[in-house]
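Undergrad: Next comes protein.tsv, TSV, C-alpha atoms:
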```tsv
chain	number	residue	atom	x	y	z
A	9	MET	CA	21.25	-77.16	51.73
A	10	LYS	CA	19.01	-78.07	54.67
A	11	PRO	CA	15.20	-77.85	54.59
A	12	LEU	CA	13.72	-74.49	55.53
A	13	ILE	CA	12.17	-74.86	58.99
A	14	SER	CA	10.56	-71.86	60.68
A	15	GLU	CA	10.30	-71.57	64.44
A	16	THR	CA	8.19	-68.43	64.26
A	17	GLN	CA	4.81	-68.81	65.96
A	18	ASP	CA	3.25	-65.54	64.77
A	19	ILE	CA	1.04	-66.80	61.94
A	20	ASP	CA	-0.24	-63.32	61.04
A	21	ALA	CA	3.32	-62.01	60.68
A	22	LEU	CA	4.30	-64.96	58.49
A	23	GLN	CA	1.29	-64.43	56.26
A	24	GLU	CA	2.06	-60.75	55.86
A	25	ILE	CA	5.70	-61.50	55.03
A	26	GLY	CA	4.51	-64.06	52.51
A	27	ARG	CA	2.18	-61.61	50.75
A	28	VAL	CA	4.86	-58.93	50.54
A	29	SER	CA	7.45	-61.44	49.34
A	30	VAL	CA	5.19	-62.70	46.56
A	31	GLN	CA	4.70	-59.15	45.25
A	32	ILE	CA	8.44	-58.44	45.40
A	33	VAL	CA	9.22	-61.66	43.57
A	34	HIS	CA	6.58	-60.84	40.96
A	35	ASP	CA	8.22	-57.46	40.33
A	36	LEU	CA	11.70	-59.01	40.17
A	37	LYS	CA	10.46	-61.57	37.66
A	38	ASN	CA	9.23	-58.78	35.39
A	39	GLN	CA	12.61	-57.04	35.67
A	40	LEU	CA	14.42	-60.26	34.77
A	41	ASN	CA	12.21	-60.70	31.73
A	42	GLY	CA	13.15	-57.16	30.67
A	43	LEU	CA	16.85	-57.94	31.08
A	44	LYS	CA	16.35	-61.08	29.00
A	45	LEU	CA	14.93	-58.97	26.16
A	46	TYR	CA	17.98	-56.68	26.25
A	47	ALA	CA	20.34	-59.68	26.34
A	48	THR	CA	18.53	-61.30	23.41
A	49	PHE	CA	18.84	-58.07	21.44
A	50	LEU	CA	22.59	-57.96	22.15
A	51	ARG	CA	23.00	-61.59	21.09
A	52	LYS	CA	21.35	-60.92	17.74
A	53	ARG	CA	23.58	-57.87	17.21
A	54	MET	CA	26.65	-59.91	18.10
A	55	GLU	CA	25.67	-62.68	15.68
A	56	LYS	CA	25.33	-60.16	12.84
A	57	SER	CA	28.69	-58.56	13.61
A	58	GLU	CA	30.38	-61.97	13.94
A	59	ARG	CA	31.70	-61.41	17.44
A	60	PRO	CA	34.08	-64.00	18.93
A	61	ALA	CA	32.54	-67.36	19.85
A	62	ASP	CA	33.36	-67.00	23.56
A	63	GLU	CA	31.44	-63.69	23.73
A	64	GLN	CA	28.40	-65.26	22.06
A	65	GLU	CA	28.64	-68.26	24.39
A	66	THR	CA	28.73	-65.94	27.41
A	67	ILE	CA	25.64	-64.01	26.35
A	68	GLY	CA	23.88	-67.34	25.70
A	69	LYS	CA	24.66	-68.51	29.24
A	70	LEU	CA	23.43	-65.19	30.59
A	71	ILE	CA	20.09	-65.59	28.83
A	72	SER	CA	19.75	-69.19	30.07
A	73	GLY	CA	20.41	-68.04	33.63
A	74	LEU	CA	17.82	-65.29	33.38
A	75	GLU	CA	15.27	-67.78	32.01
A	76	ARG	CA	15.88	-70.21	34.89
A	77	ALA	CA	15.63	-67.44	37.49
A	78	ALA	CA	12.40	-66.10	35.96
A	79	ALA	CA	10.92	-69.62	35.87
A	80	ASP	CA	11.78	-70.16	39.55
A	81	MET	CA	10.19	-66.84	40.47
A	82	THR	CA	7.06	-67.74	38.51
A	83	THR	CA	6.80	-70.95	40.53
A	84	LEU	CA	7.25	-69.03	43.80
A	85	VAL	CA	4.55	-66.50	42.86
A	86	ARG	CA	2.15	-69.33	41.99
A	87	PHE	CA	2.94	-71.08	45.27
A	88	GLY	CA	2.16	-67.93	47.23
A	89	ARG	CA	-1.24	-67.34	45.64
A	90	PRO	CA	-4.51	-69.29	46.04
A	91	LEU	CA	-5.07	-72.11	43.58
A	92	GLU	CA	-8.15	-71.90	41.41
A	93	LEU	CA	-9.18	-75.26	39.98
A	94	ARG	CA	-11.34	-75.80	36.92
A	95	ARG	CA	-12.61	-79.30	37.47
A	96	GLN	CA	-13.88	-81.38	34.60
A	97	PRO	CA	-15.67	-84.74	34.69
A	98	ARG	CA	-14.16	-87.95	33.31
A	99	VAL	CA	-10.52	-86.89	33.38
A	100	ASP	CA	-8.54	-90.07	32.76
A	101	LEU	CA	-5.49	-90.59	35.00
A	102	VAL	CA	-4.29	-93.49	32.87
A	103	LYS	CA	-4.09	-91.18	29.87
A	104	ILE	CA	-2.28	-88.44	31.82
A	105	LEU	CA	0.34	-90.80	33.24
A	106	THR	CA	0.80	-92.58	29.91
A	107	ASN	CA	1.51	-89.25	28.21
A	108	ILE	CA	4.04	-88.36	30.93
A	109	ALA	CA	5.79	-91.71	30.57
A	110	MET	CA	5.95	-91.39	26.77
A	111	SER	CA	7.24	-87.81	26.86
A	112	ASN	CA	10.94	-87.30	26.21
A	113	ASP	CA	11.05	-84.17	28.38
A	114	LEU	CA	12.48	-86.19	31.27
A	115	GLY	CA	14.79	-88.19	29.02
A	116	PRO	CA	14.10	-91.20	26.76
A	117	ASN	CA	13.15	-94.47	28.46
A	118	LYS	CA	13.36	-92.90	31.92
A	119	ILE	CA	9.86	-93.93	33.04
A	120	ARG	CA	7.90	-97.20	32.99
A	121	PHE	CA	4.17	-96.85	33.69
A	122	GLU	CA	2.15	-99.85	34.86
A	123	SER	CA	-1.57	-100.19	35.59
A	124	ALA	CA	-4.08	-103.03	35.39
A	125	LEU	CA	-6.72	-100.43	34.50
A	126	GLU	CA	-7.55	-99.30	30.99
A	127	THR	CA	-9.05	-96.07	32.33
A	128	LEU	CA	-9.42	-94.41	35.73
A	129	GLU	CA	-11.58	-91.31	35.55
A	130	GLY	CA	-12.23	-88.60	38.11
A	131	GLU	CA	-13.23	-84.96	38.51
A	132	PHE	CA	-9.99	-83.02	38.15
A	133	ASP	CA	-8.46	-79.87	36.72
A	134	THR	CA	-6.69	-81.53	33.81
A	135	ALA	CA	-3.93	-78.97	33.24
A	136	THR	CA	-2.87	-78.41	36.85
A	137	LEU	CA	-3.09	-82.08	37.81
A	138	ALA	CA	-1.03	-83.13	34.79
A	139	GLU	CA	1.52	-80.48	35.72
A	140	ALA	CA	1.70	-81.76	39.32
A	141	LEU	CA	2.07	-85.41	38.32
A	142	LYS	CA	4.78	-84.54	35.80
A	143	THR	CA	6.64	-82.48	38.42
A	144	ILE	CA	6.49	-85.37	40.89
A	145	THR	CA	7.68	-87.77	38.20
A	146	ALA	CA	10.67	-85.53	37.44
A	147	GLY	CA	11.41	-85.31	41.16
A	148	ALA	CA	11.20	-89.09	41.50
A	149	VAL	CA	13.59	-89.56	38.57
A	150	SER	CA	16.14	-87.35	40.32
A	151	LEU	CA	15.65	-89.31	43.58
A	152	ARG	CA	15.82	-92.72	41.97
A	153	SER	CA	17.86	-95.18	43.98
A	154	ALA	CA	21.00	-96.60	42.40
A	155	GLU	CA	19.89	-100.01	43.67
A	156	ALA	CA	16.52	-99.91	41.91
A	157	ASP	CA	15.95	-102.65	39.34
A	158	GLY	CA	15.85	-101.80	35.65
A	159	PRO	CA	16.83	-98.68	33.71
A	160	ALA	CA	13.54	-96.81	34.19
A	161	LEU	CA	11.55	-95.37	37.08
A	162	LEU	CA	8.48	-97.49	37.82
A	163	VAL	CA	5.18	-95.58	38.12
A	164	GLN	CA	2.11	-97.56	39.18
A	165	LEU	CA	-1.58	-96.63	39.29
A	166	ARG	CA	-4.41	-98.47	41.04
A	167	ARG	CA	-7.92	-97.87	42.34
A	168	GLU	CA	-8.69	-98.24	46.04
A	169	GLU	CA	-12.26	-98.73	47.23
A	170	THR	CA	-13.58	-97.57	50.60
A	171	ALA	CA	-16.00	-99.81	52.47
A	172	GLY	CA	-18.86	-99.19	54.87
A	173	ALA	CA	-21.90	-96.93	55.06
A	174	GLY	CA	-21.12	-93.30	54.28
A	175	ALA	CA	-17.74	-94.30	52.92
A	176	ALA	CA	-15.65	-91.71	51.15
A	177	ALA	CA	-15.20	-91.67	47.40
A	178	PRO	CA	-12.94	-94.32	45.88
A	179	MET	CA	-9.31	-93.26	45.64
A	180	ALA	CA	-6.73	-93.30	42.87
A	181	ILE	CA	-3.29	-94.29	44.16
A	182	VAL	CA	-0.19	-93.32	42.18
A	183	GLU	CA	3.20	-94.61	43.35
A	184	TRP	CA	6.68	-93.81	42.08
A	185	ARG	CA	8.85	-96.76	43.18
A	186	GLY	CA	12.58	-97.12	43.68
A	187	VAL	CA	13.37	-93.65	45.06
A	188	ARG	CA	15.83	-92.84	47.80
A	189	LEU	CA	15.00	-90.11	50.31
A	190	VAL	CA	18.08	-88.23	51.52
A	191	ASP	CA	18.26	-88.12	55.34
A	192	GLY	CA	14.55	-88.89	55.52
A	193	VAL	CA	13.62	-85.46	54.11
A	194	ASP	CA	10.09	-85.15	52.77
A	195	PRO	CA	10.64	-83.88	49.19
A	196	PHE	CA	7.12	-82.42	49.14
A	197	HIS	CA	7.88	-80.03	52.01
A	198	SER	CA	11.64	-79.49	51.97
A	199	PHE	CA	11.77	-76.22	49.95
A	200	VAL	CA	15.36	-77.18	49.04
A	201	GLY	CA	16.20	-75.31	45.84
A	202	SER	CA	13.93	-74.74	42.87
A	203	ASP	CA	13.15	-78.47	42.57
A	204	GLY	CA	11.93	-78.53	46.17
A	205	LEU	CA	9.70	-75.52	45.52
A	206	ARG	CA	8.18	-77.19	42.46
A	207	MET	CA	7.54	-80.39	44.44
A	208	SER	CA	5.85	-78.34	47.16
A	209	LEU	CA	3.65	-76.63	44.56
A	210	ALA	CA	2.76	-80.06	43.15
A	211	ALA	CA	1.74	-81.20	46.65
A	212	ARG	CA	-0.46	-78.09	46.99
A	213	ILE	CA	-2.18	-78.93	43.70
A	214	ILE	CA	-2.82	-82.48	44.89
A	215	ALA	CA	-4.19	-81.16	48.21
A	216	ALA	CA	-6.47	-78.71	46.36
A	217	HIS	CA	-8.00	-81.75	44.64
A	218	GLY	CA	-8.73	-83.24	48.06
A	219	GLY	CA	-5.77	-85.60	47.87
A	220	GLU	CA	-2.43	-86.09	49.56
A	221	ALA	CA	1.18	-86.39	48.40
A	222	SER	CA	3.60	-88.11	50.77
A	223	PRO	CA	6.80	-90.16	50.85
A	224	ALA	CA	7.04	-93.73	52.09
A	225	GLU	CA	9.78	-96.33	52.26
A	226	GLY	CA	11.39	-96.37	48.82
A	227	LEU	CA	8.58	-94.55	47.07
A	228	LEU	CA	6.51	-91.42	46.61
A	229	ARG	CA	2.72	-91.75	46.81
A	230	VAL	CA	-0.23	-89.63	45.72
A	231	ARG	CA	-3.80	-90.32	46.82
A	232	LEU	CA	-6.62	-88.65	44.88
A	233	PRO	CA	-10.39	-88.93	45.44
A	234	LEU	CA	-12.11	-89.79	42.19
A	235	LYS	CA	-15.07	-87.52	42.98
A	236	SER	CA	-15.10	-83.92	44.12
A	237	SER	CA	-15.99	-83.55	47.81
A	238	ASP	CA	-18.15	-80.50	47.10
A	239	LYS	CA	-20.64	-82.40	44.95
```
Spell out the structure here as structure tokens.
TA:
Amino acid sequence: MKPLISETQDIDALQEIGRVSVQIVHDLKNQLNGLKLYATFLRKRMEKSERPADEQETIGKLISGLERAAADMTTLVRFGRPLELRRQPRVDLVKILTNIAMSNDLGPNKIRFESALETLEGEFDTATLAEALKTITAGAVSLRSAEADGPALLVQLRREETAGAGAAAPMAIVEWRGVRLVDGVDPFHSFVGSDGLRMSLAARIIAAHGGEASPAEGLLRVRLPLKSSDK
């Protein structure tokens, strides 16, 4: 599937379509959740009546499909609505990335986190930023180059100072190394499938923190200011 590229120049029309689409998707998500409840009820009835294994397997696959579709619609609804951050002081990026690397959600021993820093604190919304960094990590795992060294994806964190009078806040730089970009497509703005939508939402979360998510040669990079620009 190719990236979604719009040639429409009418910004007002696009915004109106977006608002209507988000409401439609929200309603469809609620309907899917209702269908999941009915399917779950049928599965329990089938288990009690000892229905054939293939029938139980089919209803199980149906429920899994409904769950995936509802999750994708939830992501789309969130993408289409304004982000509201709840910033907190002294949120430690080292701790967030260490927890992601140690989690088995992405598969055991899939991630190797490196940083010369014991802590790197900033003013962030802990929950949404952790979600975004985990989404990007999952995306990087799926894009990992076959030629990359070692069995695990390398994630690195460093601090970058800015020099000069009136310089901006110091930056945290996170890099996911050893990825391969297909046909030069920016995974943060491709909208290819549900994974592309989640990566785009992650990029929006980073941008809401005053940062930037972008691809480079063989890696994905996130830049985050360590202080809020509105303070």
Undergrad: Can you pull out every residue within 10 Å of A:Glu92, counting all atoms listed in the file, but drop anything in the same chain fewer than 5 positions away, and send it as number ranges by chain?
TA: A: 133, 136, 213, 216
Undergrad: Nearest to A:Asn38: which of A:Thr82, A:Ser150, A:Ser202, A:Thr143 is it, counting all atoms listed in the file?
TA: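 Distance minimum relative to A:Asn38 lands on A:Thr82.
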Undergrad: Considering only C-alpha atoms, return as an MDAnalysis selection string whatever protein or nucleic-acid residues lie within 9 Å of A:Glu126, sequence-local ones (same chain, fewer than 2 positions apart) excluded.
TA: chainID A and resid 102:103 123:124 128
Undergrad: Which of these, A:Gly73, A:Gly147, A:Pro97, A:Pro60, has the shortest distance to A:Asp203 once you count all atoms listed in the file?
TA: A:Gly147
Undergrad: Atom CA of A:Ile67 and atom CA of A:Arg51, how far apart in Å?
TA: 6.4 Å
Undergrad: Determine, counting only C-alpha atoms, which protein, DNA and RNA residues have an atom within 12 Å of an atom of A:Leu45; residues of the same chain fewer than 3 positions away are not included. Present the result as an MDAnalysis selection string.
TA: chainID A and resid 38:42 48:52 67 70:72 74:75
Undergrad: To one decimal place in Å, what is the distance between atom CA of A:Ala180 and atom CA of A:Arg166?
TA: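 It comes out at 6.0 Å.
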Undergrad: Quick one: pull the distance between atom CA of A:Ile108 and atom CA of A:Ala177, Å, one decimal.
TA: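 Atom CA of A:Ala177 lies 25.5 Å from atom CA of A:Ile108.
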Undergrad: With distances taken over all atoms listed in the file, which of A:Leu228, A:Val99, A:Val163, A:Ile144 is nearest to A:Arg206?
TA: A:Ile144
Undergrad: So that I can see what lies close to A:Asp194, please list as a PyMOL selection string the residues with an atom at most 8 Å from it, counting all atoms listed in the file and leaving out residues fewer than 3 positions away in the same chain.
TA: chain A and resi 189+197-198+222-223
Undergrad: Neighbours of A:Pro233 within 8 Å (only C-alpha atoms; same-chain residues fewer than 3 positions away dropped), as JSON, numbers by chain?
TA: {"A": [130, 177, 178, 179, 180, 217, 218, 219, 236]}
Undergrad: Of the residues A:Val33, A:Ala109, A:Ala47, A:Leu234, which is the one nearest to A:Ala77, using all atoms listed in the file?
TA: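 Residue with the minimum atom-to-atom distance to A:Ala77: A:Val33.
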Undergrad: Kindly extract all protein, DNA and RNA residues lying within 10 Å of the coordinates (8.1, -96.2, 43.3) given in the file, considering all atoms listed in the file, and supply them as a list in words.
TA: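 Using all atoms listed in the file, the matching residues come out as Thr145, Ala148, Val149, Arg152, Ser153, Ala156, Leu161, Leu162, Val163, Gln164, Val182, Glu183, Trp184, Arg185, Gly186, Val187, Arg188, Pro223, Ala224, Glu225, Gly226, Leu227, Leu228 and Arg229 of chain A.
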Undergrad: Pick out the closest residue to A:Thr127 from this set: A:Val200, A:Leu165, A:Ala160, A:Ala211. Count only C-alpha atoms.
TA: A:Leu165
Undergrad: Between A:Glu129, A:Glu58, A:Glu63, A:Asp113, which one has atoms that come closest to A:Arg167, using all atoms listed in the file?
TA: A:Glu129
